[in-house]
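Reading through the structure tokens given below for one structure.
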Amino acid sequence: MYDPTRLAALVAVAEAGSITRAAARLGYTAPALSQQLAKLEREAGATLLVRHHRGARLTAAGELLAGRARRVLDELDQARHELAQLAGLSGGRLRVGTFTTAGIHLLPPVLSAFRRAHPEVELAVADYEPPAGIAAVVAGEVDLALTHAYEPAAAGPPPVGVLVEPLLVE
């Protein structure tokens with residue numbers, strides 16, 4: 001199994017054209033990067049680089065492994081991004097429906113706190129006067145809606161798949 005750090009080193013040398021420039025790009029010393037590349041060559045069982053006075057170039061084996069390494073590293077980056085989205089809301093979009101009063105008085109501090117905690121989540125807010133907010137959730141137009149109901153009016157059960165959570169009673 002190839003070490004992703006060593007694969008990244010090979011790709012960096014391929015892109016930079018020299019071990020010294022690749023080391024600077026990766027934040028290593030040239031000798032430390034050379035050691036990583038030597039280990040990768042041992043793991044691969046082939047010479048991956050030819051060093052010359054102006055830098056280094058990849059051998060045919062190095063080109064083959066660097067091409068595969070780029071795909072592996074891209075997949076690892078994509079997996080890291082997707083896991084971050086699942087674990088910490090580091091991406092994606094949250095669509096909120098609200099009625100005017102809540103949108104003016106209740107929602108701004110909540111959205112500000114959410115934005116500070118999850119800066120990479122795209123927020124969208126739309127205005128829905130009750131009971132249109134619930135219909136917007138059902139239709140998939142918004143992910144959640146703030147709405148209200150008057151006590152004397154019979155609210156009835158929420159639509160299938162919609163959870164109603166009381167926030168305030170006035």
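Each chain in the structure tokens gets a letter, A, B, ..., in the order shown, and its residues are numbered from 1; ligands are numbered from 1 in order too.
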| Can you list, as a ChimeraX atom specification, every residue of range 46-144 of chain A that DSSP puts in strand (DSSP E)? | /A:49-52,55-58,93-98,122-127,144
Within 10 Å of range 48-56 of chain A, which residues of range 61-140 of chain A show up? Give each one with its shortest atom-to-atom distance in Å (one decimal) and the two atoms involved, counting only C-alpha atoms, rows by chain then rising residue number, as JSON lines.
```
{"residue": "A:Ala61", "atom": "CA", "partner": "A:Leu48", "partner_atom": "CA", "distance": 5.6}
{"residue": "A:Gly62", "atom": "CA", "partner": "A:Leu48", "partner_atom": "CA", "distance": 4.0}
{"residue": "A:Glu63", "atom": "CA", "partner": "A:Leu48", "partner_atom": "CA", "distance": 7.7}
{"residue": "A:Leu64", "atom": "CA", "partner": "A:Leu48", "partner_atom": "CA", "distance": 9.1}
{"residue": "A:Leu65", "atom": "CA", "partner": "A:Leu48", "partner_atom": "CA", "distance": 8.1}
{"residue": "A:Ala66", "atom": "CA", "partner": "A:Leu48", "partner_atom": "CA", "distance": 9.1}
```
inquiry  = Can you pull out the residues contacting Pro131 in chain A? Cut-off 8 Å, using only C-alpha atoms, and skip same-chain residues under 3 positions away; I want them as a ChimeraX atom specification.
reply    = /A:128,134-135,147-148
For all heavy atoms, I'd like the residues from the last selection saved as a compact mmCIF listing (two decimals), in the first residue's frame.
```
# COMPACT_ATOMS: atom_id res chain seq x y z
N TYR A 128 -42.69 33.20 3.84
CA TYR A 128 -43.92 32.41 3.66
C TYR A 128 -44.88 32.76 4.79
O TYR A 128 -44.61 32.43 5.95
CB TYR A 128 -43.63 30.91 3.72
CG TYR A 128 -42.85 30.38 2.55
CD1 TYR A 128 -41.47 30.24 2.62
CD2 TYR A 128 -43.48 30.01 1.38
CE1 TYR A 128 -40.74 29.76 1.56
CE2 TYR A 128 -42.77 29.52 0.30
CZ TYR A 128 -41.39 29.39 0.39
OH TYR A 128 -40.68 28.91 -0.67
N ILE A 134 -45.45 25.57 5.84
CA ILE A 134 -45.53 24.10 5.93
C ILE A 134 -45.66 23.50 4.54
O ILE A 134 -45.01 22.50 4.21
CB ILE A 134 -46.68 23.67 6.86
CG1 ILE A 134 -46.35 24.08 8.29
CG2 ILE A 134 -46.93 22.16 6.76
CD1 ILE A 134 -47.43 23.81 9.30
N ALA A 135 -46.46 24.12 3.69
CA ALA A 135 -46.60 23.64 2.31
C ALA A 135 -45.26 23.72 1.57
O ALA A 135 -44.94 22.84 0.76
CB ALA A 135 -47.67 24.45 1.58
N THR A 147 -43.25 29.15 11.41
CA THR A 147 -44.62 29.54 11.11
C THR A 147 -45.35 29.75 12.42
O THR A 147 -44.77 29.59 13.49
CB THR A 147 -45.30 28.49 10.21
OG1 THR A 147 -46.54 29.00 9.75
CG2 THR A 147 -45.46 27.16 10.90
N HIS A 148 -46.61 30.10 12.35
CA HIS A 148 -47.39 30.26 13.58
C HIS A 148 -48.81 29.82 13.34
O HIS A 148 -49.27 29.67 12.21
CB HIS A 148 -47.33 31.71 14.09
CG HIS A 148 -47.97 32.70 13.18
ND1 HIS A 148 -49.33 32.90 13.11
CD2 HIS A 148 -47.42 33.57 12.30
CE1 HIS A 148 -49.60 33.84 12.23
NE2 HIS A 148 -48.45 34.26 11.71
```
TODO: Just the residues within 12 Å of Gly140 in chain A, please, counting only C-alpha atoms, with nothing from its chain fewer than 3 positions along; format it as JSON, numbers by chain.
DONE: {"A": [94, 95, 96, 97, 133, 134, 135, 136, 137, 143, 144, 145, 161, 162]}
| Test item: residues at most 8 Å from range 11-22 of chain A, only C-alpha atoms, excluding those fewer than 4 positions along its chain, as JSON, numbers by chain | {"A": [7, 26, 29, 30, 33, 34, 54, 55, 56, 57, 58, 66, 69, 70]}
For range 101-114 of chain A, list every protein, DNA or RNA residue within 12 Å, evaluated using only C-alpha atoms, and leave out those in the same chain fewer than 2 positions away; present the list as a PyMOL selection string. chain A and resi 88-90+94-99+116-130+145-148+167-168
- as number ranges by chain, list the residues of chain A assigned to helix (DSSP H, G or I) by DSSP on the backbone atoms of this structure. A: 4-16, 19-26, 30-44, 60-88, 100-105, 107-117, 132-139
Residues near Met1 in chain A, cut-off 12 Å, only C-alpha atoms, skip fewer than 2 positions along chain, as a VMD selection string: chain A and resid 3 to 7 40 42 to 44 69 72
